[in-house]
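So this block is upload03.pdb, PDB, C-alpha atoms and all ligand atoms:
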ATOM      1  CA  MET A   1      14.755 -10.644   8.170
ATOM      2  CA  PRO A   2      11.461  -8.732   8.540
ATOM      3  CA  MET A   3      11.001  -5.887   6.092
ATOM      4  CA  LEU A   4       8.854  -4.047   8.650
ATOM      5  CA  PRO A   5       8.910  -4.080  12.435
ATOM      6  CA  ALA A   6       6.153  -6.426  13.621
ATOM      7  CA  ASP A   7       4.323  -3.520  15.278
ATOM      8  CA  ALA A   8       4.404  -1.238  12.210
ATOM      9  CA  HIS A   9       0.618  -1.427  11.980
ATOM     10  CA  LEU A  10       0.413   0.106  15.478
ATOM     11  CA  THR A  11       3.277   2.584  15.370
ATOM     12  CA  TRP A  12       3.344   3.991  11.828
ATOM     13  CA  LYS A  13       1.319   7.061  10.947
ATOM     14  CA  GLN A  14      -2.142   6.232   9.682
ATOM     15  CA  ALA A  15      -3.300   7.748   6.400
ATOM     16  CA  ARG A  16      -6.536   5.807   6.097
ATOM     17  CA  ALA A  17      -8.535   4.330   8.963
ATOM     18  CA  CYS A  18      -9.995   0.844   9.231
ATOM     19  CA  ARG A  19     -12.514  -0.101   6.571
ATOM     20  CA  SER A  20     -13.441  -3.240   4.705
ATOM     21  CA  SER A  21     -11.785  -4.004   1.389
ATOM     22  CA  HIS A  22     -13.332  -5.807  -1.516
ATOM     23  CA  GLU A  23     -10.238  -5.683  -3.646
ATOM     24  CA  HIS A  24      -7.910  -7.566  -1.366
ATOM     25  CA  TRP A  25     -10.433 -10.250  -0.406
ATOM     26  CA  LEU A  26     -10.123  -9.427   3.266
ATOM     27  CA  HIS A  27     -12.259  -8.024   5.996
ATOM     28  CA  GLY A  28     -10.414  -5.015   7.376
ATOM     29  CA  VAL A  29      -7.637  -2.874   5.940
ATOM     30  CA  ARG A  30      -5.879   0.361   6.906
ATOM     31  CA  VAL A  31      -3.117   2.381   5.240
ATOM     32  CA  VAL A  32      -0.031   3.500   7.155
ATOM     33  CA  LEU A  33       2.992   5.378   5.800
ATOM     34  CA  ASN A  34       6.587   6.163   6.556
ATOM     35  CA  ASP A  35       7.593   9.830   6.672
ATOM     36  CA  ALA A  36       8.858   9.879   3.075
ATOM     37  CA  ALA A  37       5.452   8.805   1.773
ATOM     38  CA  TRP A  38       3.352  11.131   3.917
ATOM     39  CA  LYS A  39       3.242  14.280   1.836
ATOM     40  CA  PRO A  40       2.734  12.722  -1.597
ATOM     41  CA  TYR A  41       0.116  10.262  -0.348
ATOM     42  CA  THR A  42      -1.913  12.572   1.858
ATOM     43  CA  GLY A  43      -1.368  15.522  -0.473
ATOM     44  CA  TRP A  44      -3.526  14.112  -3.209
ATOM     45  CA  LEU A  45      -6.321  13.150  -0.866
ATOM     46  CA  PRO A  46      -9.081  14.164  -1.203
ATOM     47  CA  TYR A  47      -8.501  16.385  -4.202
ATOM     48  CA  HIS A  48      -6.875  13.880  -6.555
ATOM     49  CA  THR A  49      -4.186  16.364  -7.430
ATOM     50  CA  ALA A  50      -0.646  15.135  -7.142
ATOM     51  CA  ASN A  51       1.384  17.852  -5.468
ATOM     52  CA  ALA A  52       4.566  15.922  -4.776
ATOM     53  CA  PRO A  53       6.240  12.859  -6.265
ATOM     54  CA  PHE A  54       7.047   9.885  -4.023
ATOM     55  CA  PRO A  55      10.785   9.970  -3.167
ATOM     56  CA  VAL A  56      12.999   6.867  -3.188
ATOM     57  CA  GLY A  57      12.382   4.983   0.065
ATOM     58  CA  ALA A  58       8.739   6.035   0.405
ATOM     59  CA  MET A  59       6.687   3.143   1.781
ATOM     60  CA  VAL A  60       2.918   2.768   1.460
ATOM     61  CA  VAL A  61       1.785  -0.050   3.710
ATOM     62  CA  LYS A  62      -1.577  -1.725   3.941
ATOM     63  CA  PRO A  63      -2.088  -3.807   7.085
ATOM     64  CA  GLU A  64      -4.702  -6.468   6.425
ATOM     65  CA  TYR A  65      -6.871  -8.026   9.117
ATOM     66  CA  ASP A  66      -9.091 -11.029   9.578
ATOM     67  CA  ASP A  67     -11.863  -8.940  11.136
ATOM     68  CA  GLU A  68     -13.767  -5.767  10.284
ATOM     69  CA  ASN A  69     -12.451  -3.899  13.312
ATOM     70  CA  CYS A  70      -8.798  -4.284  12.305
ATOM     71  CA  LYS A  71      -7.674  -6.198  15.412
ATOM     72  CA  ASP A  72      -6.448  -9.542  14.105
ATOM     73  CA  LEU A  73      -3.498  -8.830  11.792
ATOM     74  CA  LEU A  74      -3.001 -11.239   8.875
ATOM     75  CA  GLY A  75      -0.140  -9.471   7.113
ATOM     76  CA  TYR A  76       0.770  -6.514   4.968
ATOM     77  CA  THR A  77       1.001  -5.459   1.368
ATOM     78  CA  VAL A  78       3.719  -2.902   0.755
ATOM     79  CA  MET A  79       4.833  -0.606  -2.059
ATOM     80  CA  ARG A  80       8.341   0.838  -1.698
ATOM     81  CA  LYS A  81       9.690   3.445  -4.114
ATOM     82  CA  GLU A  82      12.984   2.373  -5.686
ATOM     83  CA  ALA A  83      15.495   4.304  -7.802
ATOM     84  CA  ALA A  84      14.338   5.616 -11.191
ATOM     85  CA  GLY A  85      14.655   2.861 -13.786
ATOM     86  CA  TYR A  86      14.181  -0.004 -11.292
ATOM     87  CA  TRP A  87      10.982  -1.161 -13.029
ATOM     88  CA  PRO A  88       9.131   1.420 -15.136
ATOM     89  CA  ALA A  89       6.164  -0.938 -15.707
ATOM     90  CA  GLY A  90       5.630  -0.954 -11.933
ATOM     91  CA  SER A  91       6.239   2.792 -11.714
ATOM     92  CA  ASP A  92       9.576   2.037 -10.002
ATOM     93  CA  TRP A  93       7.850   0.632  -6.918
ATOM     94  CA  SER A  94       8.896  -2.717  -5.481
ATOM     95  CA  TRP A  95       5.862  -4.761  -4.348
ATOM     96  CA  HIS A  96       5.714  -6.950  -1.267
ATOM     97  CA  ASP A  97       3.384  -9.416   0.363
ATOM     98  CA  LEU A  98       4.365  -9.816   4.043
ATOM     99  CA  ASP A  99       3.166 -12.069   6.837
ATOM    100  CA  ALA A 100       2.031 -10.708  10.214
ATOM    101  CA  LYS A 101       5.620 -10.647  11.481
ATOM    102  CA  GLY A 102       6.647  -8.401   8.584
ATOM    103  CA  VAL A 103       8.549 -11.156   6.732
ATOM    104  CA  ALA A 104       8.185 -11.260   2.931
ATOM    105  CA  ARG A 105       6.205 -14.075   1.365
ATOM    106  CA  LYS A 106       6.643 -12.534  -2.092
ATOM    107  CA  SER A 107       8.719  -9.533  -3.049
ATOM    108  CA  GLY A 108       9.945  -7.503  -5.990
ATOM    109  CA  LYS A 109       8.572  -6.955  -9.489
ATOM    110  CA  LEU A 110       5.195  -8.610  -8.906
ATOM    111  CA  ASP A 111       3.230  -8.029 -12.088
ATOM    112  CA  LYS A 112       0.461 -10.630 -11.939
ATOM    113  CA  ALA A 113       0.105 -10.571  -8.161
ATOM    114  CA  CYS A 114      -0.060  -6.776  -7.842
ATOM    115  CA  VAL A 115       0.794  -4.369 -10.620
ATOM    116  CA  ASN A 116      -1.612  -5.503 -13.316
ATOM    117  CA  CYS A 117      -4.516  -4.766 -11.028
ATOM    118  CA  HIS A 118      -3.147  -1.443  -9.772
ATOM    119  CA  VAL A 119      -2.524  -0.307 -13.366
ATOM    120  CA  GLN A 120      -6.195  -0.962 -14.039
ATOM    121  CA  HIS A 121      -7.768   0.332 -10.824
ATOM    122  CA  CYS A 122      -5.384   3.059  -9.745
ATOM    123  CA  ALA A 123      -4.964   4.983 -13.003
ATOM    124  CA  PRO A 124      -5.736   8.726 -12.813
ATOM    125  CA  PRO A 125      -8.131  10.139 -11.745
ATOM    126  CA  ASN A 126      -8.679   7.150  -9.439
ATOM    127  CA  GLY A 127      -5.131   7.092  -8.213
ATOM    128  CA  PHE A 128      -1.725   8.692  -8.232
ATOM    129  CA  ASP A 129       1.461   6.888  -9.272
ATOM    130  CA  LEU A 130      -0.227   3.468  -8.905
ATOM    131  CA  THR A 131      -1.591   4.203  -5.445
ATOM    132  CA  CYS A 132      -5.387   4.196  -5.246
ATOM    133  CA  THR A 133      -8.145   6.491  -4.098
ATOM    134  CA  PRO A 134      -9.925   5.514  -0.879
ATOM    135  CA  ASP A 135     -13.235   4.599  -2.487
TER     136      ASP A 135
HETATM  137  C1  LIG A 201      -7.451  -7.276  -7.622
HETATM  138  C2  LIG A 201      -6.759  -6.027  -7.664
HETATM  139  C3  LIG A 201      -5.567  -5.801  -6.757
HETATM  140  C4  LIG A 201      -4.506  -6.647  -6.526
HETATM  141  C5  LIG A 201      -4.247  -8.016  -7.120
HETATM  142  C6  LIG A 201      -3.634  -5.956  -5.605
HETATM  143  N1  LIG A 201      -4.159  -4.738  -5.284
HETATM  144 FE1  LIG A 201      -3.378  -3.423  -3.941
HETATM  145  N2  LIG A 201      -5.054  -2.282  -4.092
HETATM  146  C7  LIG A 201      -6.073  -2.458  -4.997
HETATM  147  C8  LIG A 201      -7.073  -1.409  -4.819
HETATM  148  C9  LIG A 201      -8.343  -1.242  -5.647
HETATM  149  C10 LIG A 201      -6.625  -0.613  -3.747
HETATM  150  C11 LIG A 201      -7.336   0.592  -3.124
HETATM  151  C12 LIG A 201      -8.572   0.176  -2.395
HETATM  152  C13 LIG A 201      -8.300  -0.651  -1.182
HETATM  153  O1  LIG A 201      -7.367  -0.304  -0.420
HETATM  154  O2  LIG A 201      -8.996  -1.639  -0.950
HETATM  155  C14 LIG A 201      -5.344  -1.181  -3.317
HETATM  156  C15 LIG A 201      -4.570  -0.657  -2.315
HETATM  157  C16 LIG A 201      -3.269  -1.058  -2.023
HETATM  158  C17 LIG A 201      -2.399  -0.422  -1.074
HETATM  159  C18 LIG A 201      -2.767   0.766  -0.201
HETATM  160  C19 LIG A 201      -2.242   2.051  -0.778
HETATM  161  C20 LIG A 201      -3.020   2.637  -1.915
HETATM  162  O3  LIG A 201      -3.730   3.586  -1.685
HETATM  163  O4  LIG A 201      -2.899   2.192  -3.069
HETATM  164  C21 LIG A 201      -1.200  -1.080  -1.119
HETATM  165  C22 LIG A 201       0.059  -0.768  -0.324
HETATM  166  C23 LIG A 201      -1.345  -2.153  -2.074
HETATM  167  N3  LIG A 201      -2.625  -2.113  -2.603
HETATM  168  C24 LIG A 201      -0.343  -3.038  -2.414
HETATM  169  C25 LIG A 201      -0.546  -4.186  -3.167
HETATM  170  C26 LIG A 201       0.449  -5.238  -3.338
HETATM  171  C27 LIG A 201       1.870  -5.193  -2.788
HETATM  172  C28 LIG A 201      -0.147  -6.222  -4.066
HETATM  173  C29 LIG A 201       0.423  -7.551  -4.438
HETATM  174  C30 LIG A 201       0.980  -8.380  -3.386
HETATM  175  C31 LIG A 201      -1.511  -5.754  -4.371
HETATM  176  N4  LIG A 201      -1.701  -4.540  -3.826
HETATM  177  C32 LIG A 201      -2.432  -6.477  -5.136
HETATM  178  C33 LIG A 201      -6.158  -3.466  -5.906
HETATM  179  C34 LIG A 201      -5.330  -4.593  -5.966
END

structure tokens encoding of this file:
Amino acid sequence: MPMLPADAHLTWKQARACRSSHEHWLHGVRVVLNDAAWKPYTGWLPYHTANAPFPVGAMVVKPEYDDENCKDLLGYTVMRKEAAGYWPAGSDWSWHDLDAKGVARKSGKLDKACVNCHVQHCAPPNGFDLTCTPD
């Protein structure tokens, strides 16, 4: 069962346009969001002031591409907000590594694969609730 529709990278609202990423070892990345994530995520850009918490069900999705122009989709990394208490060390996000069809390769409380790095790189003022600033 895909966690995302295969065309989510084309149909979901874009919060950050195509750019190259050094952190995820890939050429092109974008950030797209579901409606629940829109206000908290875009609200703190570019002022780094959190004006709304992420509600349960908020999804922050990073489509990852093989090329710098974001044409050739490789897969997605996804953060989905779960109920309070789900995993405080991961800020109650579940973490997902999906293939290009939206099917999970790895999913859940991914500390080594994801959270340890976000705790380091996405701490305030460089991030909000384990999401990162654009730069
Ligand atoms: C080596 C450090 C590192 C690892 C490991 C890592 N990330 Fe990230 N991640 C970052 C940084 C830095 C950013 C922001 C800059 C960027 O997008 O390139 C980011 C951005 C993201 C974003 C875009 C939203 C945002 O603004 O934060 C998502 C979604 C995401 N990561 C999910 C994951 C998931 C899921 C995993 C594990 C499968 C993971 N990351 C592993 C460092 C990392």

Chain and number of each residue from the PyMOL selection byres (((chain A and resi 63-69) around 12) and not hetatm), as an NGL selection string: :A and (4 or 6-12 or 14-33 or 60-62 or 70-79 or 96-102)

Keeping C-alpha atoms for every residue in the selection just given, could you write it to a file as a short mmCIF file (atom, residue, chain, number, x, y, z; two decimals), in the frame of the given file?
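Final file, result.cif:
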data_model
loop_
_atom_site.label_atom_id
_atom_site.label_comp_id
_atom_site.auth_asym_id
_atom_site.auth_seq_id
_atom_site.Cartn_x
_atom_site.Cartn_y
_atom_site.Cartn_z
CA LEU A 4 8.85 -4.05 8.65
CA ALA A 6 6.15 -6.43 13.62
CA ASP A 7 4.32 -3.52 15.28
CA ALA A 8 4.40 -1.24 12.21
CA HIS A 9 0.62 -1.43 11.98
CA LEU A 10 0.41 0.11 15.48
CA THR A 11 3.28 2.58 15.37
CA TRP A 12 3.34 3.99 11.83
CA GLN A 14 -2.14 6.23 9.68
CA ALA A 15 -3.30 7.75 6.40
CA ARG A 16 -6.54 5.81 6.10
CA ALA A 17 -8.54 4.33 8.96
CA CYS A 18 -9.99 0.84 9.23
CA ARG A 19 -12.51 -0.10 6.57
CA SER A 20 -13.44 -3.24 4.70
CA SER A 21 -11.78 -4.00 1.39
CA HIS A 22 -13.33 -5.81 -1.52
CA GLU A 23 -10.24 -5.68 -3.65
CA HIS A 24 -7.91 -7.57 -1.37
CA TRP A 25 -10.43 -10.25 -0.41
CA LEU A 26 -10.12 -9.43 3.27
CA HIS A 27 -12.26 -8.02 6.00
CA GLY A 28 -10.41 -5.01 7.38
CA VAL A 29 -7.64 -2.87 5.94
CA ARG A 30 -5.88 0.36 6.91
CA VAL A 31 -3.12 2.38 5.24
CA VAL A 32 -0.03 3.50 7.16
CA LEU A 33 2.99 5.38 5.80
CA VAL A 60 2.92 2.77 1.46
CA VAL A 61 1.78 -0.05 3.71
CA LYS A 62 -1.58 -1.72 3.94
CA CYS A 70 -8.80 -4.28 12.30
CA LYS A 71 -7.67 -6.20 15.41
CA ASP A 72 -6.45 -9.54 14.10
CA LEU A 73 -3.50 -8.83 11.79
CA LEU A 74 -3.00 -11.24 8.88
CA GLY A 75 -0.14 -9.47 7.11
CA TYR A 76 0.77 -6.51 4.97
CA THR A 77 1.00 -5.46 1.37
CA VAL A 78 3.72 -2.90 0.76
CA MET A 79 4.83 -0.61 -2.06
CA HIS A 96 5.71 -6.95 -1.27
CA ASP A 97 3.38 -9.42 0.36
CA LEU A 98 4.36 -9.82 4.04
CA ASP A 99 3.17 -12.07 6.84
CA ALA A 100 2.03 -10.71 10.21
CA LYS A 101 5.62 -10.65 11.48
CA GLY A 102 6.65 -8.40 8.58
#

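The shortest atom-to-atom distance to Tyr86 (chain A), with only C-alpha atoms taken into account, belongs to A:Gly108 out of A:Phe128, A:Gly108, A:Val103, A:Cys114.
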
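Among A:Met3, A:Ala58, A:Val119, A:Ala84, the residue with the shortest atom-to-atom distance to Ala36 (chain A), counting all atoms listed in the file, is A:Ala58.
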
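Note that CA of Ala104 (chain A) and atom C32 of ligand LIG 201 (chain A) are 14.2 Å apart.
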
note - atom C6 of ligand LIG 201 (chain A) and CA of Ala37 (chain A) are separated by 18.8 Å

Shortest contact to ligand LIG 201 (chain A), candidates A:Ala113, A:Asp129, A:Ala123, A:Gly90, atoms counted all atoms listed in the file, goes to A:Ala113

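Atom to atom, atom C13 of ligand LIG 201 (chain A) and CA of Cys117 (chain A) stand 11.3 Å apart.
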
As lines of an AutoDock Vina configuration file, please: the centre and edge lengths in Å, to one decimal, of an axis-aligned box enclosing every listed atom of ligand LIG 201 (chain A) with 4 Å added on each side.
center_x = -3.6
center_y = -2.4
center_z = -3.9
size_x = 18.9
size_y = 20.0
size_z = 15.5

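Near region 39-42 of chain A, within 6 Å and counting only C-alpha atoms, sit A:Ala52, A:Pro53, A:Phe54; same-chain residues fewer than 6 positions away were not included.
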